[in-house]
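Asks: Below you'll find data.cif; it's mmCIF, C-alpha atoms.
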data_query
loop_
_atom_site.group_PDB
_atom_site.id
_atom_site.type_symbol
_atom_site.label_atom_id
_atom_site.label_comp_id
_atom_site.auth_asym_id
_atom_site.auth_seq_id
_atom_site.Cartn_x
_atom_site.Cartn_y
_atom_site.Cartn_z
ATOM 1 C CA MET R 1389 8.015 -34.027 30.903
ATOM 2 C CA CYS R 1390 4.354 -34.950 30.901
ATOM 3 C CA SER R 1391 4.527 -38.685 31.563
ATOM 4 C CA GLY R 1392 1.975 -41.310 30.696
ATOM 5 C CA ASP R 1393 2.228 -43.413 33.877
ATOM 6 C CA VAL R 1394 -0.672 -41.731 35.679
ATOM 7 C CA GLY R 1395 -4.000 -43.358 36.345
ATOM 8 C CA GLY R 1396 -7.147 -42.526 34.465
ATOM 9 C CA GLY R 1397 -6.998 -44.740 31.430
ATOM 10 C CA ASP R 1398 -6.282 -44.122 27.802
ATOM 11 C CA VAL R 1399 -7.374 -40.470 27.747
ATOM 12 C CA LEU R 1400 -4.540 -39.327 30.010
ATOM 13 C CA ASP R 1401 -2.102 -41.575 28.148
ATOM 14 C CA ASP R 1402 -3.183 -39.837 24.953
ATOM 15 C CA VAL R 1403 -2.666 -36.406 26.511
ATOM 16 C CA ALA R 1404 0.858 -37.314 27.649
ATOM 17 C CA ALA R 1405 1.698 -38.761 24.240
ATOM 18 C CA LEU R 1406 0.411 -35.661 22.435
ATOM 19 C CA VAL R 1407 2.420 -33.329 24.673
ATOM 20 C CA ALA R 1408 5.563 -35.337 23.989
ATOM 21 C CA GLU R 1409 4.835 -35.266 20.257
ATOM 22 C CA ARG R 1410 4.320 -31.524 20.358
ATOM 23 C CA ASN R 1411 7.662 -31.147 22.116
ATOM 24 C CA ARG R 1412 9.349 -33.171 19.381
ATOM 25 C CA ILE R 1413 7.720 -31.090 16.653
ATOM 26 C CA ASP R 1414 8.723 -27.862 18.417
ATOM 27 C CA ALA R 1415 12.309 -29.133 18.564
ATOM 28 C CA LEU R 1416 12.286 -29.979 14.867
ATOM 29 C CA LEU R 1417 10.834 -26.565 14.031
ATOM 30 C CA ALA R 1418 13.469 -24.767 16.110
ATOM 31 C CA ARG R 1419 16.267 -26.686 14.397
ATOM 32 C CA ARG R 1420 14.907 -25.979 10.910
ATOM 33 C CA VAL R 1421 14.459 -22.309 11.721
ATOM 34 C CA ARG R 1422 18.056 -22.204 12.966
ATOM 35 C CA ALA R 1423 19.261 -23.858 9.766
ATOM 36 C CA ALA R 1424 17.352 -21.302 7.711
ATOM 37 C CA GLU R 1425 18.836 -18.505 9.803
ATOM 38 C CA LEU R 1426 22.412 -19.756 9.369
ATOM 39 C CA SER R 1427 21.950 -20.134 5.608
ATOM 40 C CA GLN R 1428 20.415 -16.631 5.393
ATOM 41 C CA ALA R 1429 17.417 -18.164 3.657
ATOM 42 C CA PRO R 1430 14.984 -15.333 4.514
ATOM 43 C CA GLU R 1431 17.146 -12.858 2.573
ATOM 44 C CA ARG R 1432 16.431 -14.821 -0.595
ATOM 45 C CA ASP R 1433 12.754 -14.309 0.152
ATOM 46 C CA GLY R 1434 13.036 -10.571 0.684
ATOM 47 C CA GLN R 1435 13.253 -10.626 4.477
ATOM 48 C CA LYS R 1436 16.138 -9.516 6.688
ATOM 49 C CA SER R 1437 15.810 -12.322 9.218
ATOM 50 C CA MET R 1438 13.700 -15.280 10.289
ATOM 51 C CA ARG R 1439 11.602 -13.288 12.740
ATOM 52 C CA PRO R 1440 9.804 -11.140 10.125
ATOM 53 C CA TRP R 1441 9.645 -14.147 7.801
ATOM 54 C CA LEU R 1442 7.831 -16.192 10.434
ATOM 55 C CA ARG R 1443 5.486 -13.308 11.178
ATOM 56 C CA GLY R 1444 4.692 -12.679 7.532
ATOM 57 C CA HIS R 1445 4.635 -16.158 6.030
ATOM 58 C CA CYS R 1446 3.541 -18.252 9.024
ATOM 59 C CA ARG R 1447 1.436 -15.572 10.718
ATOM 60 C CA LEU R 1448 3.157 -16.043 14.073
ATOM 61 C CA SER R 1449 3.008 -13.294 16.649
ATOM 62 C CA ALA R 1450 6.180 -11.316 17.269
ATOM 63 C CA ALA R 1451 6.661 -13.103 20.596
ATOM 64 C CA ALA R 1452 6.152 -16.563 19.091
ATOM 65 C CA ALA R 1453 8.550 -15.858 16.224
ATOM 66 C CA ALA R 1454 11.198 -14.579 18.629
ATOM 67 C CA ARG R 1455 10.855 -17.667 20.800
ATOM 68 C CA VAL R 1456 11.279 -20.097 17.909
ATOM 69 C CA VAL R 1457 14.362 -18.254 16.649
ATOM 70 C CA GLY R 1458 15.803 -18.003 20.165
ATOM 71 C CA ASN R 1459 15.159 -21.676 20.878
ATOM 72 C CA GLY R 1460 17.016 -22.684 17.739
ATOM 73 C CA ARG R 1461 20.069 -20.806 18.989
ATOM 74 C CA VAL R 1462 19.799 -22.412 22.429
ATOM 75 C CA LEU R 1463 19.908 -25.894 20.919
ATOM 76 C CA ASP R 1464 23.318 -25.052 19.417
ATOM 77 C CA HIS R 1465 24.791 -24.255 22.839
ATOM 78 C CA LEU R 1466 23.095 -26.870 25.032
ATOM 79 C CA PRO R 1467 23.269 -30.236 23.239
ATOM 80 C CA ALA R 1468 21.949 -32.259 26.195
ATOM 81 C CA LEU R 1469 18.898 -30.053 26.512
ATOM 82 C CA ALA R 1470 18.517 -30.191 22.739
ATOM 83 C CA GLU R 1471 18.562 -33.984 22.772
ATOM 84 C CA ALA R 1472 15.914 -34.064 25.505
ATOM 85 C CA HIS R 1473 13.813 -31.629 23.492
ATOM 86 C CA ASP R 1474 14.170 -33.824 20.408
ATOM 87 C CA ALA R 1475 12.985 -36.801 22.460
ATOM 88 C CA GLY R 1476 9.915 -34.945 23.687
ATOM 89 C CA TRP R 1477 11.026 -34.815 27.331
ATOM 90 C CA VAL R 1478 11.569 -31.044 27.399
ATOM 91 C CA SER R 1479 9.140 -28.397 26.187
ATOM 92 C CA ALA R 1480 9.730 -25.360 24.006
ATOM 93 C CA GLU R 1481 8.777 -23.236 26.993
ATOM 94 C CA GLN R 1482 11.611 -24.725 29.041
ATOM 95 C CA VAL R 1483 14.066 -24.129 26.209
ATOM 96 C CA ALA R 1484 12.897 -20.500 26.067
ATOM 97 C CA VAL R 1485 13.654 -20.135 29.777
ATOM 98 C CA ALA R 1486 17.153 -21.506 29.174
ATOM 99 C CA ALA R 1487 17.586 -18.901 26.434
ATOM 100 C CA THR R 1488 17.690 -16.158 29.066
ATOM 101 C CA ALA R 1489 21.036 -17.559 30.204
ATOM 102 C CA LEU R 1490 22.507 -17.566 26.703
ATOM 103 C CA THR R 1491 22.447 -13.949 25.629
ATOM 104 C CA PRO R 1492 25.745 -12.807 24.046
ATOM 105 C CA GLU R 1493 26.603 -10.833 27.190
ATOM 106 C CA ARG R 1494 25.990 -13.803 29.489
ATOM 107 C CA LEU R 1495 27.855 -16.198 27.232
ATOM 108 C CA GLN R 1496 30.820 -13.825 27.349
ATOM 109 C CA ALA R 1497 30.550 -13.535 31.124
ATOM 110 C CA ALA R 1498 30.478 -17.335 31.403
ATOM 111 C CA ALA R 1499 33.577 -17.631 29.223
ATOM 112 C CA GLU R 1500 35.420 -14.993 31.282
ATOM 113 C CA ARG R 1501 34.624 -16.886 34.489
ATOM 114 C CA GLY R 1502 35.630 -20.235 33.048
ATOM 115 C CA VAL R 1503 32.123 -21.693 33.303
ATOM 116 C CA ASP R 1504 31.842 -25.148 31.773
ATOM 117 C CA LEU R 1505 28.618 -24.933 29.773
ATOM 118 C CA ALA R 1506 28.591 -28.707 29.370
ATOM 119 C CA VAL R 1507 28.115 -29.063 33.125
ATOM 120 C CA ILE R 1508 25.426 -26.387 33.203
ATOM 121 C CA ASP R 1509 23.754 -28.095 30.246
ATOM 122 C CA ALA R 1510 23.697 -31.467 32.031
ATOM 123 C CA VAL R 1511 22.353 -30.038 35.292
ATOM 124 C CA LEU R 1512 19.640 -27.934 33.674
ATOM 125 C CA THR R 1513 18.561 -30.820 31.463
ATOM 126 C CA GLN R 1514 18.172 -33.146 34.428
ATOM 127 C CA VAL R 1515 16.136 -30.545 36.315
ATOM 128 C CA ALA R 1516 13.984 -29.932 33.231
ATOM 129 C CA ILE R 1517 13.190 -33.639 32.901
ATOM 130 C CA ASP R 1518 12.721 -34.577 36.558
ATOM 131 C CA HIS R 1519 11.215 -31.502 38.200
ATOM 132 C CA PRO R 1520 8.242 -29.128 37.791
ATOM 133 C CA HIS R 1521 8.573 -26.129 35.526
ATOM 134 C CA ALA R 1522 8.893 -23.715 38.456
ATOM 135 C CA ASP R 1523 11.949 -25.621 39.716
ATOM 136 C CA PHE R 1524 13.566 -25.353 36.300
ATOM 137 C CA VAL R 1525 12.970 -21.595 36.249
ATOM 138 C CA ALA R 1526 14.522 -21.360 39.721
ATOM 139 C CA ALA R 1527 17.563 -23.366 38.573
ATOM 140 C CA VAL R 1528 18.158 -21.014 35.644
ATOM 141 C CA ARG R 1529 17.822 -18.009 37.929
ATOM 142 C CA HIS R 1530 20.242 -19.571 40.386
ATOM 143 C CA TYR R 1531 22.802 -19.987 37.607
ATOM 144 C CA LEU R 1532 22.318 -16.380 36.508
ATOM 145 C CA ALA R 1533 22.699 -15.140 40.087
ATOM 146 C CA GLY R 1534 26.019 -16.939 40.351
ATOM 147 C CA LEU R 1535 27.121 -15.632 36.980
ATOM 148 C CA ASP R 1536 26.387 -12.041 37.935
ATOM 149 C CA PRO R 1537 25.992 -11.767 41.745
ATOM 150 C CA ASP R 1538 25.450 -8.016 41.596
ATOM 151 C CA GLY R 1539 22.768 -8.363 38.941
ATOM 152 C CA PRO R 1540 22.171 -5.934 36.091
ATOM 153 C CA GLU R 1541 21.728 -2.268 36.763
ATOM 154 C CA PRO R 1542 18.017 -1.750 37.416
ATOM 155 C CA ASP R 1543 16.080 0.087 34.743
ATOM 156 C CA PRO R 1544 13.620 2.397 36.512
ATOM 157 C CA THR R 1545 11.392 2.501 33.427
ATOM 158 C CA GLU R 1546 10.777 -1.248 33.333
ATOM 159 C CA GLY R 1547 7.958 -1.014 35.845
ATOM 160 C CA ARG R 1548 5.980 1.588 33.929
ATOM 161 C CA ARG R 1549 2.508 0.373 33.009
ATOM 162 C CA LEU R 1550 -0.628 1.982 31.630
ATOM 163 C CA MET R 1551 -3.752 -0.129 31.108
ATOM 164 C CA LEU R 1552 -6.883 1.337 29.544
ATOM 165 C CA ALA R 1553 -10.329 -0.181 29.061
ATOM 166 C CA ARG R 1554 -12.983 1.334 26.794
ATOM 167 C CA HIS R 1555 -16.569 0.694 27.813
ATOM 168 C CA ALA R 1556 -19.696 0.323 25.700
ATOM 169 C CA ASP R 1557 -20.755 3.951 26.282
ATOM 170 C CA GLY R 1558 -17.369 5.262 25.110
ATOM 171 C CA THR R 1559 -16.026 6.075 28.566
ATOM 172 C CA LEU R 1560 -12.516 5.050 29.489
ATOM 173 C CA SER R 1561 -11.083 3.670 32.703
ATOM 174 C CA GLY R 1562 -7.741 2.236 33.657
ATOM 175 C CA ARG R 1563 -4.827 2.041 36.030
ATOM 176 C CA PHE R 1564 -1.141 2.849 35.829
ATOM 177 C CA GLU R 1565 2.173 2.331 37.609
ATOM 178 C CA LEU R 1566 5.136 4.699 37.314
ATOM 179 C CA ASP R 1567 8.629 4.836 38.755
ATOM 180 C CA ALA R 1568 9.534 7.724 41.052
ATOM 181 C CA VAL R 1569 10.916 9.953 38.283
ATOM 182 C CA GLY R 1570 8.027 9.302 35.924
ATOM 183 C CA GLY R 1571 5.544 9.835 38.744
ATOM 184 C CA GLU R 1572 7.056 13.197 39.648
ATOM 185 C CA LYS R 1573 6.840 14.337 36.031
ATOM 186 C CA LEU R 1574 3.188 13.365 35.779
ATOM 187 C CA GLN R 1575 2.315 15.012 39.069
ATOM 188 C CA ALA R 1576 4.116 18.210 38.102
ATOM 189 C CA ALA R 1577 2.361 18.371 34.730
ATOM 190 C CA LEU R 1578 -1.102 17.718 36.165
ATOM 191 C CA GLU R 1579 -0.615 20.059 39.101
ATOM 192 C CA SER R 1580 0.319 22.895 36.745
ATOM 193 C CA PHE R 1581 -3.098 22.610 35.105
ATOM 194 C CA VAL R 1582 -4.905 22.174 38.422
ATOM 195 C CA GLN R 1583 -3.383 25.380 39.813
ATOM 196 C CA ALA R 1584 -4.031 27.308 36.584
ATOM 197 C CA ASP R 1585 -7.735 26.381 36.578
ATOM 198 C CA ARG R 1586 -9.223 27.346 39.949
ATOM 199 C CA PRO R 1587 -12.407 29.331 39.232
ATOM 200 C CA ALA R 1588 -14.378 30.860 42.095
ATOM 201 C CA GLY R 1589 -16.988 28.524 43.539
ATOM 202 C CA ASP R 1590 -15.357 25.438 42.032
ATOM 203 C CA GLU R 1591 -17.049 22.440 43.637
ATOM 204 C CA ARG R 1592 -15.112 19.754 41.820
ATOM 205 C CA SER R 1593 -13.356 17.141 43.937
ATOM 206 C CA ARG R 1594 -9.584 16.716 43.832
ATOM 207 C CA ALA R 1595 -10.035 13.617 41.677
ATOM 208 C CA GLN R 1596 -12.256 15.521 39.229
ATOM 209 C CA ARG R 1597 -9.770 18.374 38.958
ATOM 210 C CA LEU R 1598 -6.967 15.918 38.214
ATOM 211 C CA GLY R 1599 -9.121 14.215 35.566
ATOM 212 C CA ASP R 1600 -9.800 17.548 33.886
ATOM 213 C CA ALA R 1601 -6.091 18.374 34.097
ATOM 214 C CA LEU R 1602 -5.203 15.140 32.289
ATOM 215 C CA VAL R 1603 -7.603 15.986 29.453
ATOM 216 C CA GLN R 1604 -6.185 19.523 29.252
ATOM 217 C CA LEU R 1605 -2.669 18.106 29.118
ATOM 218 C CA CYS R 1606 -3.713 15.974 26.142
ATOM 219 C CA ASP R 1607 -5.429 18.984 24.499
ATOM 220 C CA THR R 1608 -2.226 21.004 24.819
ATOM 221 C CA ALA R 1609 -0.062 18.256 23.375
ATOM 222 C CA LEU R 1610 -2.440 17.680 20.444
ATOM 223 C CA ALA R 1611 -2.774 21.399 19.733
ATOM 224 C CA ALA R 1612 1.011 21.748 19.538
ATOM 225 C CA GLY R 1613 0.901 19.779 16.283
ATOM 226 C CA SER R 1614 3.988 17.722 17.102
ATOM 227 C CA LEU R 1615 2.251 14.382 17.710
#
Output the structure of this file as structure tokens.
Replies:
Amino acid sequence: MCSGDVGGGDVLDDVAALVAERNRIDALLARRVRAAELSQAPERDGQKSMRPWLRGHCRLSAAAAARVVGNGRVLDHLPALAEAHDAGWVSAEQVAVAATALTPERLQAAAERGVDLAVIDAVLTQVAIDHPHADFVAAVRHYLAGLDPDGPEPDPTEGRRLMLARHADGTLSGRFELDAVGGEKLQAALESFVQADRPAGDERSRAQRLGDALVQLCDTALAAGSL
């Protein structure tokens, strides 16, 4: 919690008080969203669930809507953390971190292993109140590691990234990261164009040839008419 016992006068006291008030409002919002979800209120308003309702009616981003809905569900399972959130001692961000431990699969795993969620709730709440955010994240991860020592099967596609930046003159630059399988596919596709386009006296560098190959790959895909 952001406490008000630091030096610096009324300004810092005001900051601490406002953070606590925001935490209380976030807790109230999460509880009301959960109540609306349980009563299927969005269906009466033409929406399938609270997430699209929050995006459409409250103009929240998809991530923000998901967090509010998820936090409301967390408060059902962790009453001590919920009480601390209501009091302003715990932030919505901390509750969202706790949500990672309360997926249906992990709740089932906890039940199968005889985990007492009340104990976990008490420990996590105390860490959330007394320690920095990073320590709380570490505590949740520690619990998850004990719940599933082997960890989930790694998804090789999770690390795939492509970032593009368009410049004022219309040129494009960027960077990417691919897993081994995805990287091999890209290399094979580009190399096929590089080897097929080797005119006599070609003075292009390797990097230029690969750039041309990428454009040709896009031309081929667009010309196929399937995109």
Asks: So the first atom is CA of Val1511 (chain R) and the second is CA of Leu1400 (chain R); what is the distance between them in Å, to one decimal place?
Replies: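 Distance between the two atoms: 28.9 Å.
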Asks: Would you work out the distance separating CA of Leu1535 (chain R) from CA of Arg1422 (chain R), expressed in Å to one decimal?
Replies: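 Distance reported for this atom pair: 26.5 Å.
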Asks: If you measure from CA of Ala1453 (chain R) to CA of Arg1529 (chain R), what distance in Å do you get, rounded to one decimal?
Replies: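 Here the two named atoms are 23.7 Å from each other.
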Asks: Using all atoms listed in the file, find each residue of region 1444-1537 of chain R with at least one atom at most 7 Å away from an atom of region 1402-1419 of chain R; report its shortest atom-to-atom pair and that distance in Å (one decimal), sort the rows by chain and rising residue number, and return the result as CSV.
Replies:
residue,atom,partner,partner_atom,distance
R:Val1456,CA,R:Ala1418,CA,5.5
R:Val1457,CA,R:Ala1418,CA,6.6
R:Asn1459,CA,R:Ala1418,CA,5.9
R:Gly1460,CA,R:Ala1418,CA,4.4
R:His1473,CA,R:Ala1415,CA,5.7
R:Asp1474,CA,R:Arg1412,CA,5.0
R:Ala1475,CA,R:Arg1412,CA,6.0
R:Gly1476,CA,R:Ala1408,CA,4.4
R:Trp1477,CA,R:Ala1408,CA,6.4
R:Val1478,CA,R:Asn1411,CA,6.6
R:Ser1479,CA,R:Asn1411,CA,5.1
R:Ala1480,CA,R:Asp1414,CA,6.2
Asks: So which residues get picked by the PyMOL selection byres ((chain R and resi 1521-1523) around 12) here, written as number ranges by chain?
Replies: R: 1389-1390, 1478-1486, 1512-1520, 1524-1530
Asks: Show which residues sit within 12 Å of Ala1424 (chain R), as a PyMOL selection string. Count all atoms listed in the file, and ignore same-chain residues fewer than 4 positions away.
Replies: chain R and resi 1417-1420+1428-1433+1435-1439+1441-1442+1456-1457+1460-1461
Asks: Within 10 Å of Leu1505 (chain R), counting all atoms listed in the file, which residues qualify if same-chain residues fewer than 5 places away don't, as a PyMOL selection string?
Replies: chain R and resi 1465-1467+1495+1498-1499+1510-1511
Asks: Taking all atoms of region 1501-1505 of chain R that the file lists and extending 5 Å past them on each side, where is the centre of the axis-aligned box and how long are its edges? Answer in Å to one decimal, as AutoDock Vina command-line options.
Replies:
--center_x 32.1 --center_y -21.0 --center_z 32.1 --size_x 17.0 --size_y 18.3 --size_z 14.7
Asks: In file coordinates, which residues lie within 12 Å of (-6.1, 13.6, 32.3) using all atoms listed in the file, given as JSON, numbers by chain?
Replies: {"R": [1560, 1561, 1562, 1574, 1575, 1577, 1578, 1579, 1581, 1582, 1595, 1596, 1597, 1598, 1599, 1600, 1601, 1602, 1603, 1604, 1605, 1606, 1607, 1608, 1609]}
Asks: Calculated over only C-alpha atoms, which of the candidates R:Pro1440, R:Gly1613, R:Pro1492, R:Gly1434 has the smallest distance to Val1462 (chain R)?
Replies: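 Once distances to Val1462 (chain R) are computed over only C-alpha atoms, the minimum belongs to R:Pro1492.
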Asks: Counting all atoms listed in the file, figure out which residue out of R:Val1503, R:Asp1590, R:Val1399, R:Cys1446 gets nearest to Val1421 (chain R).
Replies: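 Counting all atoms listed in the file, the residue closest to Val1421 (chain R) is R:Cys1446.
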